[in-house]
$ cat target_39.csv   # CSV, C-alpha atoms
chain,number,residue,atom,x,y,z
G,232,MET,CA,45.1,-48.2,-189.0
G,233,SER,CA,47.1,-45.0,-189.4
G,234,GLU,CA,50.8,-45.1,-190.0
G,235,GLU,CA,53.2,-43.3,-187.6
G,236,TYR,CA,56.0,-41.3,-189.3
G,237,LEU,CA,59.3,-41.4,-187.5
G,238,SER,CA,62.0,-38.8,-188.1
G,239,ALA,CA,65.5,-39.8,-189.2
G,240,ALA,CA,66.7,-39.0,-185.7
G,241,GLU,CA,64.0,-41.3,-184.1
G,242,THR,CA,64.9,-44.0,-186.7
G,243,ALA,CA,68.6,-43.6,-185.8
G,244,ARG,CA,67.8,-44.1,-182.1
G,245,LEU,CA,66.0,-47.4,-183.0
G,246,VAL,CA,69.0,-48.5,-185.1
G,247,ARG,CA,71.4,-47.8,-182.3
G,248,GLY,CA,69.3,-49.9,-179.9
G,249,ALA,CA,69.1,-52.8,-182.3
G,250,LEU,CA,72.8,-52.7,-182.9
G,251,ALA,CA,73.6,-52.6,-179.2
G,252,ARG,CA,71.4,-55.6,-178.6
G,253,SER,CA,72.8,-57.6,-181.5
G,254,PHE,CA,76.5,-56.6,-181.0
G,255,PRO,CA,77.0,-55.5,-177.3
G,256,SER,CA,80.8,-55.4,-177.5
G,257,ALA,CA,81.0,-53.3,-180.6
G,258,LYS,CA,81.1,-49.5,-180.7
G,259,PHE,CA,79.0,-48.0,-183.5
G,260,TYR,CA,78.9,-44.4,-184.7
G,261,VAL,CA,75.4,-43.8,-186.1
G,262,ARG,CA,74.5,-40.5,-187.6
G,263,THR,CA,71.8,-39.0,-189.9
G,264,ASP,CA,72.3,-37.1,-193.1
G,265,THR,CA,69.4,-35.0,-194.5
G,266,TYR,CA,69.2,-34.0,-198.1
G,267,SER,CA,66.6,-32.1,-200.3
G,268,MET,CA,64.3,-35.1,-200.8
G,269,GLY,CA,64.9,-37.1,-197.6
G,270,ALA,CA,67.4,-38.5,-195.2
G,271,SER,CA,69.8,-41.4,-194.7
G,272,ILE,CA,71.7,-43.0,-191.8
G,273,GLN,CA,75.4,-43.7,-191.9
G,274,ILE,CA,76.9,-46.4,-189.6
G,275,ASP,CA,80.6,-46.7,-189.0
G,276,TRP,CA,82.5,-49.1,-186.7
G,277,MET,CA,86.0,-50.6,-186.2
G,278,ASP,CA,86.6,-54.4,-186.3
G,279,GLY,CA,84.0,-56.6,-184.7
G,280,PRO,CA,81.0,-57.8,-186.7
G,281,SER,CA,81.1,-58.1,-190.5
G,282,ARG,CA,79.4,-55.6,-192.7
G,283,VAL,CA,76.9,-58.4,-193.7
G,284,GLU,CA,76.0,-59.0,-190.1
G,285,VAL,CA,75.5,-55.3,-189.4
G,286,GLU,CA,73.5,-54.8,-192.5
G,287,LYS,CA,71.2,-57.7,-191.6
G,288,VAL,CA,70.2,-55.7,-188.5
G,289,ALA,CA,70.4,-52.1,-189.7
G,290,LYS,CA,68.7,-52.3,-193.1
G,291,LEU,CA,65.5,-53.5,-191.5
G,292,PHE,CA,65.0,-49.8,-190.6
G,293,GLU,CA,65.3,-48.5,-194.2
G,294,GLY,CA,62.2,-46.5,-195.2
G,295,ALA,CA,62.6,-46.9,-199.0
G,296,ASP,CA,63.9,-49.2,-201.6
G,297,PHE,CA,65.2,-48.5,-205.1
G,298,ASP,CA,64.9,-50.6,-208.2
G,299,GLY,CA,67.7,-49.6,-210.6
G,300,THR,CA,66.4,-51.8,-213.4
G,301,ILE,CA,63.5,-49.3,-213.9
G,302,ASP,CA,64.8,-46.3,-211.9
G,303,LEU,CA,62.0,-46.4,-209.3
G,304,GLU,CA,62.0,-45.6,-205.6
G,305,CYS,CA,59.3,-47.0,-203.4
G,306,TYR,CA,58.5,-46.6,-199.8
G,307,LYS,CA,58.0,-49.3,-197.2
G,308,GLU,CA,56.0,-49.6,-194.0
G,309,HIS,CA,57.1,-51.6,-191.0
G,310,TRP,CA,55.7,-53.2,-187.8
G,311,ILE,CA,57.5,-52.4,-184.6
G,312,LEU,CA,56.7,-55.1,-182.1
G,313,PRO,CA,56.5,-54.5,-178.3
G,314,ASP,CA,60.0,-56.1,-177.8
G,315,GLY,CA,61.5,-53.5,-180.2
G,316,SER,CA,61.9,-55.9,-183.2
G,317,VAL,CA,60.9,-54.8,-186.7
G,318,ILE,CA,59.0,-56.7,-189.4
G,319,LEU,CA,58.2,-55.4,-192.9
G,320,ALA,CA,54.5,-54.6,-193.1
G,321,LYS,CA,54.0,-53.4,-196.7
G,322,HIS,CA,56.2,-53.0,-199.7
G,323,PRO,CA,54.5,-51.9,-202.9
G,324,GLY,CA,57.2,-53.7,-205.0
G,325,THR,CA,58.1,-52.8,-208.5
G,326,THR,CA,57.0,-55.9,-210.4
G,327,PRO,CA,53.7,-54.2,-211.3
G,328,SER,CA,55.9,-51.6,-213.2
G,329,MET,CA,58.1,-54.3,-214.8
G,330,GLY,CA,60.7,-54.1,-212.0
G,331,ARG,CA,62.4,-56.8,-210.0
G,332,ILE,CA,61.1,-56.3,-206.4
G,333,ASP,CA,58.0,-58.3,-205.5
G,334,PRO,CA,55.3,-56.6,-203.4
G,335,GLU,CA,54.8,-57.7,-199.8
G,336,ASP,CA,51.9,-57.3,-197.4
G,337,ASN,CA,52.2,-58.8,-194.0
G,338,PRO,CA,49.4,-58.7,-191.4
G,339,LYS,CA,49.7,-57.2,-188.0
G,340,PRO,CA,51.8,-59.7,-186.1
G,341,HIS,CA,50.9,-58.7,-182.6
G,342,PRO,CA,47.9,-56.7,-181.1
G,343,ASP,CA,50.3,-54.0,-179.8
G,344,ALA,CA,52.5,-53.7,-183.0
G,345,ARG,CA,52.8,-50.2,-184.3
G,346,LEU,CA,52.7,-49.4,-188.1
G,347,VAL,CA,55.5,-47.0,-188.9
G,348,HIS,CA,57.3,-45.3,-191.7
G,349,PHE,CA,61.0,-44.9,-190.9
G,350,GLY,CA,62.4,-41.4,-191.6
G,351,ALA,CA,65.6,-42.5,-193.2
G,352,ASP,CA,65.2,-43.8,-196.7
G,353,TYR,CA,68.6,-45.6,-196.8
G,354,ILE,CA,71.2,-47.0,-194.4
G,355,PHE,CA,74.8,-47.2,-195.3
G,356,CYS,CA,77.3,-49.3,-193.3
G,357,GLU,CA,81.1,-48.8,-193.4
G,358,LYS,CA,83.5,-50.9,-191.4
G,359,ALA,CA,87.1,-50.0,-190.7
G,360,HIS,CA,90.0,-52.2,-189.6
G,361,THR,CA,92.8,-52.0,-187.1
G,362,ARG,CA,96.4,-52.8,-188.0
G,363,GLN,CA,96.1,-55.9,-185.8
G,364,THR,CA,93.2,-57.2,-187.9
G,365,ALA,CA,95.1,-56.4,-191.2
G,366,GLU,CA,98.2,-58.3,-189.8
G,367,LYS,CA,96.1,-61.4,-189.0
G,368,VAL,CA,94.4,-61.3,-192.4
G,369,GLY,CA,97.8,-60.9,-194.1
G,370,GLU,CA,99.2,-64.0,-192.3
G,371,ARG,CA,96.1,-66.0,-193.2
G,372,VAL,CA,96.2,-65.1,-197.0
G,373,HIS,CA,100.0,-65.6,-197.0
G,374,GLU,CA,99.7,-69.1,-195.5
G,375,ARG,CA,97.0,-70.0,-198.1
G,376,THR,CA,98.7,-68.5,-201.2
G,377,GLY,CA,102.4,-68.1,-200.4
G,378,TRP,CA,102.2,-64.5,-201.7
G,379,PRO,CA,104.3,-61.9,-200.0
G,380,ILE,CA,102.3,-59.8,-197.6
G,381,PRO,CA,101.8,-56.3,-199.0
G,382,GLN,CA,102.6,-53.2,-197.0
G,383,ILE,CA,100.0,-52.3,-194.4
G,384,LEU,CA,99.0,-48.6,-194.7
G,385,GLU,CA,97.3,-46.7,-191.9
G,386,THR,CA,95.2,-43.6,-192.4
G,387,CYS,CA,93.3,-41.4,-190.1
G,388,TRP,CA,89.8,-42.7,-189.5
G,389,TRP,CA,87.3,-39.8,-189.6
G,390,VAL,CA,83.7,-40.3,-188.5
G,391,GLY,CA,81.2,-37.4,-188.7
G,392,GLY,CA,84.0,-34.9,-189.0
G,393,LYS,CA,86.0,-36.2,-186.0
G,394,GLU,CA,89.2,-38.1,-186.0
G,395,ARG,CA,88.5,-41.5,-184.3
G,396,GLY,CA,91.9,-43.2,-184.7
G,397,ASN,CA,93.7,-45.1,-187.4
G,398,CYS,CA,92.4,-47.7,-189.8
G,399,ALA,CA,94.5,-50.1,-191.9
G,400,HIS,CA,94.5,-51.6,-195.4
G,401,PHE,CA,97.0,-53.2,-197.7
G,402,GLY,CA,98.8,-50.8,-200.0
G,403,GLY,CA,99.9,-51.3,-203.6
G,404,TYR,CA,98.3,-52.4,-206.9
G,405,GLY,CA,97.6,-55.7,-208.6
G,406,PRO,CA,95.5,-58.8,-208.2
G,407,GLN,CA,97.5,-60.1,-205.2
G,408,VAL,CA,97.0,-56.8,-203.2
G,409,ASP,CA,93.3,-56.8,-204.3
G,410,GLU,CA,92.9,-60.3,-202.9
G,411,TYR,CA,94.5,-59.3,-199.5
G,412,ASN,CA,92.1,-56.3,-199.3
G,413,ARG,CA,89.1,-58.4,-200.4
G,414,GLU,CA,89.8,-60.8,-197.6
G,415,LEU,CA,90.2,-57.9,-195.1
G,416,TRP,CA,86.8,-56.4,-196.1
G,417,ARG,CA,85.2,-59.8,-195.6
G,418,GLN,CA,86.0,-59.6,-191.9

$ encode --input "target_39.csv" --output "structure tokens"
Amino acid sequence: MSEEYLSAAETARLVRGALARSFPSAKFYVRTDTYSMGASIQIDWMDGPSRVEVEKVAKLFEGADFDGTIDLECYKEHWILPDGSVILAKHPGTTPSMGRIDPEDNPKPHPDARLVHFGADYIFCEKAHTRQTAEKVGERVHERTGWPIPQILETCWWVGGKERGNCAHFGGYGPQVDEYNRELWRQ
């Protein structure tokens, strides 16, 4: 069976669709970035689902994997099922080269599944937060720890060269401020 190669733009369209199905109330900004040896996809959004939740959906569409323990990049193939869902088809792994990623080879799960290579090697997800979310997190951490709530700073939120509004975080230095911001980024 021959593999179909999708461009980064075609892959981004599939990612947008999967995110819209998984998180219908969230607004995502999905854009591609090409570089000399490939392409990536950047996903930005404000509030809503956590980074872990979004990555669970979006990273299924990554066309490559990197094993930093042996400095090796390897490319993956995927099955796209008729309902639009994605399953890993083949991953060469890096354990044969003394790396940490096990190979994987999954049979065709459906007669109409398409074997594809996604045109974006990597997908990066970045969530921003509104002042309201930062205030809620501040109250929650304050109630738990008794620490004073640090100043909430707002900065312009730029996505793809366009200003999209303001995003908030806790300002200052030290372990207490770090804990407030860690809690914010877990949202």

$ closest_residue --input "target_39.csv" --among "G:Met268, G:Ile311, G:Cys356, G:Ile332" --to "Leu245 (chain G)" --atoms "all atoms listed in the file"
G:Ile311

$ residues_around --input "target_39.csv" --residues "region 283-286 of chain G" --least-positions-apart "4" --cutoff "12 Å" --atoms "only C-alpha atoms" --output "PyMOL selection string"
chain G and resi 246-247+249-254+257-259+261+272-279+290-293+353-358+416-418

$ closest_residue --input "target_39.csv" --among "G:Ala295, G:Ala344, G:Met329, G:Ile301" --to "Pro313 (chain G)" --atoms "only C-alpha atoms"
G:Ala344

$ residues_around --input "target_39.csv" --residues "Phe349 (chain G)" --least-positions-apart "2" --cutoff "6 Å" --atoms "only C-alpha atoms" --output "compact mmCIF listing (two decimals) with C-alpha atoms, in the frame of the given file"
# COMPACT_ATOMS: atom_id res chain seq x y z
CA LEU G 237 59.30 -41.40 -187.50
CA THR G 242 64.90 -44.00 -186.70
CA GLY G 294 62.20 -46.50 -195.20
CA ALA G 351 65.60 -42.50 -193.20

$ atom_distance --input "target_39.csv" --atom1 "CA of Leu384 (chain G)" --atom2 "CA of Phe401 (chain G)"
5.8 Å

$ closest_residue --input "target_39.csv" --among "G:Glu370, G:Glu241, G:Glu394, G:Asp302" --to "Arg331 (chain G)" --atoms "all atoms listed in the file"
G:Asp302

$ residues_around --input "target_39.csv" --residues "Glu385 (chain G)" --least-positions-apart "5" --cutoff "10 Å" --atoms "only C-alpha atoms" --output "list in words"
His360, Thr361, Arg362, Ala365, Gly396, Asn397, Cys398, Ala399, His400, Phe401 and Gly402 of chain G

$ atom_distance --input "target_39.csv" --atom1 "CA of Gly269 (chain G)" --atom2 "CA of Asp352 (chain G)"
6.8 Å

$ closest_residue --input "target_39.csv" --among "G:Arg345, G:Gln407, G:Glu414, G:Thr325" --to "Phe297 (chain G)" --atoms "only C-alpha atoms"
G:Thr325

$ closest_residue --input "target_39.csv" --among "G:Asp314, G:His348, G:Gly405, G:Asn412" --to "Thr364 (chain G)" --atoms "only C-alpha atoms"
G:Asn412

$ atom_distance --input "target_39.csv" --atom1 "CA of Thr326 (chain G)" --atom2 "CA of Cys305 (chain G)"
11.6 Å

$ closest_residue --input "target_39.csv" --among "G:Asp343, G:Asp296, G:Asp264, G:Asp333" --to "Leu312 (chain G)" --atoms "all atoms listed in the file"
G:Asp343
